[in-house]
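Trainee: Okay, handing you the structure first.
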Amino acid sequence: MANNKNDVIISLRDIFVEFDGEVILNHINLDIKDKEFLTILGPSGCGKTTTLRIIGGFLEPEQGTVTFEGEKINGLPPYKRNVNTVFQKYSLFPHLNVFDNIAFGMKIKKLPKNEIKRRVKEMLAIVDLKGYEKRSVSKLSGGQQQRVAIARALVCDPKVLLLDEPLGALDLKLRKNMQWELKQIQQKTNTAFVYVTHDQEEALTMSDTVVVMNNGVIEQIGAPADVYNEPVNAFVADFIGEANILNGTMLDDCRVKILGEELECVDKGFGQNTPVDIVIRPEDIEVVKPEEAKLVGEVTEVVFKGVHYEMTVMCKGCEWIIHSTECSPVGSKIGMKIIPFNIQIMNKMFLAEKNTFYAEVISASEEENKITVKVEDSEFDIENYYFETGSTLEISLPPRALSIAGDGVGHIDDVYIESVIFKGEHNEIILESDEQKWLMQSDVDEQVATYVPLKFDFTQAEIKLKEGANET
Ligand code: ATP
């Protein structure tokens, strides 16, 4: 760990933000400690930049408090906060040289010339641009410009530097170099960095603390190794690193059933016969002889990845990924041995074996054996059922009976795709409409954080009158 200080500088408490009636940050809590490199990681649109804007003072939350060293700073404008920001488009002044770009803020503050000169020189040494003072910034490479932007943001010695995808515009090689340099700069200056990215590798390599966000909430906060080795749920497991994520049943403490096989694990406290999500990292599966393991599969694909072979294995209808330094050829039968410690058990993100919802019959034809129902704000027909107008129905649909309407005509429109997790044999997709969450199974890989029309296959439905509802 780079920092050994645990002093909290900035605290966000119960932060709630809505844009146009849509919840963007849903009561988040976050502590930023002195001198730490904290990375906010999550898919596009999950609320990372919004969180950064709250810290920087560019946006006021509807609810919640922001404190700086224990004092509430809600309402304090950005320039009065001891925080500075580096944006993806680093907006240097193209007509000024490197020195004047870095010195700009200090000149406005009318600091003595000697001091400005000393500080700019110090900063240039830190960002490895010694001797570049007179260069025009427009003649610098992308990486050099980025370093000037960082020097400019750090020269006034803020306690916290906010960086919003600062390496996003750079090509991959430069990006890798800059990751290392940023970490060096952070350690040399002893400033807390709050870094926003959607690149999990970047987050794991650079950070002391990783904050994983999804859909306006913080899913997990921890050291990179903890978040990787002990993800709290399937979203985190899937987002960070490669993973085999499967459905399983926790039979009892330390006993889990995966694909019909009972295996030993180390987790406790999930109760008995509880449906759970399981994560097994590809490097944690040992390839053994088929007779030496309970799980046996056939290798269907092998890709050499430089350090290891990546093998795709079909086992009991599920696709597994295994990383091994030894290659098992395509077509071979292998045993997959997993020690209890490497089977990570997680609570399900949304526990539902079927989707149950209520519908109001708004018209009905006994002759045509057809009803028209209202669900949330949508109205649609259901064939082959008859219930009287005015009755309330309880409808249950298995996850397989849900799909995304390819023709754009769904039963419920504008349903939000909250997560898409590949579970070895299909994708498990969690969706959210105005009033409830839905669980869908699909062979198609859908785009997370998009709005889609949701379609139901009523031939798989169980439809009955809602218990206790009045029949008319
Ligand atoms: P990205 O990685 O794509 O930058 P992000 O995680 O940083 O995404 P935010 O920029 O925080 O996401 O945006 C979160 C959500 O809030 C998005 O759906 C975005 O469209 C919406 N949003 C952000 N700013 C505004 C605004 N000023 N008005 C309306 N909606 C906004």
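Labels for the structure tokens follow display order: chains A, B, ..., residues from 1 in each chain, ligands from 1.
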Hey, what does DSSP flag as strand (DSSP E) within range 253-455 of chain A? Can you give it to me as a PyMOL selection string?
Mentor: chain A and resi 255-258+261-264+274-280+286-288+295-304+309-315+318-324+333-337+344-347+355-365+370-375+378-383+392-397+402-404+412-422+427-432+437-442+451-455
Trainee: Report as CSV: every residue of chain A with an atom at most 7 Å from ligand 1, its closest pair of atoms, and their distance in Å to one decimal, counting only C-alpha atoms and all ligand atoms, with rows sorted by chain and ascending residue number.
Mentor:
residue,atom,partner,partner_atom_place_in_ligand_line,distance
A:Phe19,CA,ligand 1,29 (C),4.7
A:Asp20,CA,ligand 1,29 (C),6.2
A:Ile24,CA,ligand 1,16 (O),5.3
A:Gly42,CA,ligand 1,6 (O),6.3
A:Pro43,CA,ligand 1,2 (O),6.0
A:Ser44,CA,ligand 1,3 (O),3.5
A:Gly45,CA,ligand 1,12 (O),3.5
A:Cys46,CA,ligand 1,6 (O),3.9
A:Gly47,CA,ligand 1,11 (O),3.2
A:Lys48,CA,ligand 1,6 (O),3.8
A:Thr49,CA,ligand 1,7 (O),3.6
A:Thr50,CA,ligand 1,11 (O),3.7
A:Thr51,CA,ligand 1,11 (O),6.4
A:Thr197,CA,ligand 1,2 (O),6.8
A:His198,CA,ligand 1,2 (O),6.0
Trainee: Could you write out the selected residues, including N, CA and C atoms, as a short mmCIF file (atom, residue, chain, number, x, y, z; two decimals), in the first residue's frame?
Mentor:
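For reference, part.cif as written:
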data_model
loop_
_atom_site.label_atom_id
_atom_site.label_comp_id
_atom_site.auth_asym_id
_atom_site.auth_seq_id
_atom_site.Cartn_x
_atom_site.Cartn_y
_atom_site.Cartn_z
N PHE A 19 -31.44 13.43 -12.52
CA PHE A 19 -31.51 14.31 -13.69
C PHE A 19 -32.79 13.94 -14.44
N ASP A 20 -33.62 14.89 -14.73
CA ASP A 20 -34.86 14.66 -15.47
C ASP A 20 -35.64 13.47 -14.91
N ILE A 24 -29.54 9.19 -10.68
CA ILE A 24 -28.17 9.05 -11.21
C ILE A 24 -27.23 8.58 -10.10
N GLY A 42 -16.37 1.74 -13.27
CA GLY A 42 -17.73 1.26 -13.57
C GLY A 42 -18.05 1.49 -15.03
N PRO A 43 -19.11 0.86 -15.52
CA PRO A 43 -19.45 1.00 -16.94
C PRO A 43 -19.93 2.41 -17.27
N SER A 44 -19.96 2.69 -18.54
CA SER A 44 -20.39 4.01 -19.01
C SER A 44 -21.79 4.34 -18.47
N GLY A 45 -21.93 5.53 -17.96
CA GLY A 45 -23.25 5.99 -17.50
C GLY A 45 -23.59 5.59 -16.07
N CYS A 46 -22.66 4.96 -15.34
CA CYS A 46 -23.02 4.47 -14.00
C CYS A 46 -22.98 5.58 -12.95
N GLY A 47 -22.40 6.74 -13.29
CA GLY A 47 -22.40 7.86 -12.35
C GLY A 47 -21.03 8.27 -11.85
N LYS A 48 -19.97 7.81 -12.50
CA LYS A 48 -18.62 8.11 -12.04
C LYS A 48 -18.33 9.61 -12.11
N THR A 49 -18.56 10.17 -13.31
CA THR A 49 -18.24 11.60 -13.49
C THR A 49 -19.12 12.45 -12.59
N THR A 50 -20.36 12.04 -12.42
CA THR A 50 -21.27 12.80 -11.55
C THR A 50 -20.70 12.83 -10.12
N THR A 51 -20.17 11.70 -9.67
CA THR A 51 -19.57 11.64 -8.33
C THR A 51 -18.39 12.60 -8.24
N THR A 197 -12.29 5.83 -14.20
CA THR A 197 -12.03 5.06 -15.43
C THR A 197 -13.07 3.96 -15.59
N HIS A 198 -13.20 3.47 -16.84
CA HIS A 198 -14.02 2.27 -16.99
C HIS A 198 -13.13 1.08 -17.34
#
Trainee: Return as a PyMOL selection string the full set of residues in range 45-273 of chain A whose backbone-based DSSP assignment is helix (DSSP H, G or I).
Mentor: chain A and resi 48-56+78-80+98-108+113-126+137-139+142-154+172-189+200-206+224-229+234-239
Trainee: Where does range 210-254 of chain A meet range 438-451 of chain A within 12 Å, residue by residue, with the nearest atom pair and distance in Å to one decimal for each, counting only C-alpha atoms, listed by chain and rising number, as CSV?
Mentor:
residue,atom,partner,partner_atom,distance
A:Asn214,CA,A:Ala449,CA,9.3
A:Asn215,CA,A:Ala449,CA,7.7
A:Gly216,CA,A:Ala449,CA,11.0
A:Phe235,CA,A:Val448,CA,11.3
A:Phe239,CA,A:Val448,CA,11.8
Trainee: Nearest to Val279 in chain A among A:Glu165, A:Lys374, A:Glu201, A:Ile421, with distances taken over only C-alpha atoms: which residue is it?
Mentor: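 Closest to Val279 in chain A of all the choices is A:Ile421.
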Trainee: Which distance in Å separates CA of Asn84 in chain A and CA of Glu219 in chain A, to one decimal?
Mentor: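 Atom-to-atom, CA of Asn84 in chain A and CA of Glu219 in chain A are spaced 26.2 Å apart.
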Trainee: Find the residues near Lys423 in chain A: any atom within 12 Å, counting only C-alpha atoms, skip ones fewer than 3 places away on the same chain, and give them as a PyMOL selection string.
Mentor: chain A and resi 234-235+237-238+243-248+258-259+277-280+317-321+420+426-429+441-443+445
Trainee: For Ile55 in chain A, work out the shell of residues within 12 Å, counting only C-alpha atoms and skipping chain neighbours fewer than 6 positions away, then give it as a PyMOL selection string.
Mentor: chain A and resi 9-13+15+29-32+48-49+61+64-68+72-78+81-85+160-164+193-195
Trainee: Got a sec: who's within 9 Å of His323 in chain A, counting only C-alpha atoms, leaving out chain neighbours fewer than 3 positions off, as a PyMOL selection string?
Mentor: chain A and resi 281-286+308-311+326
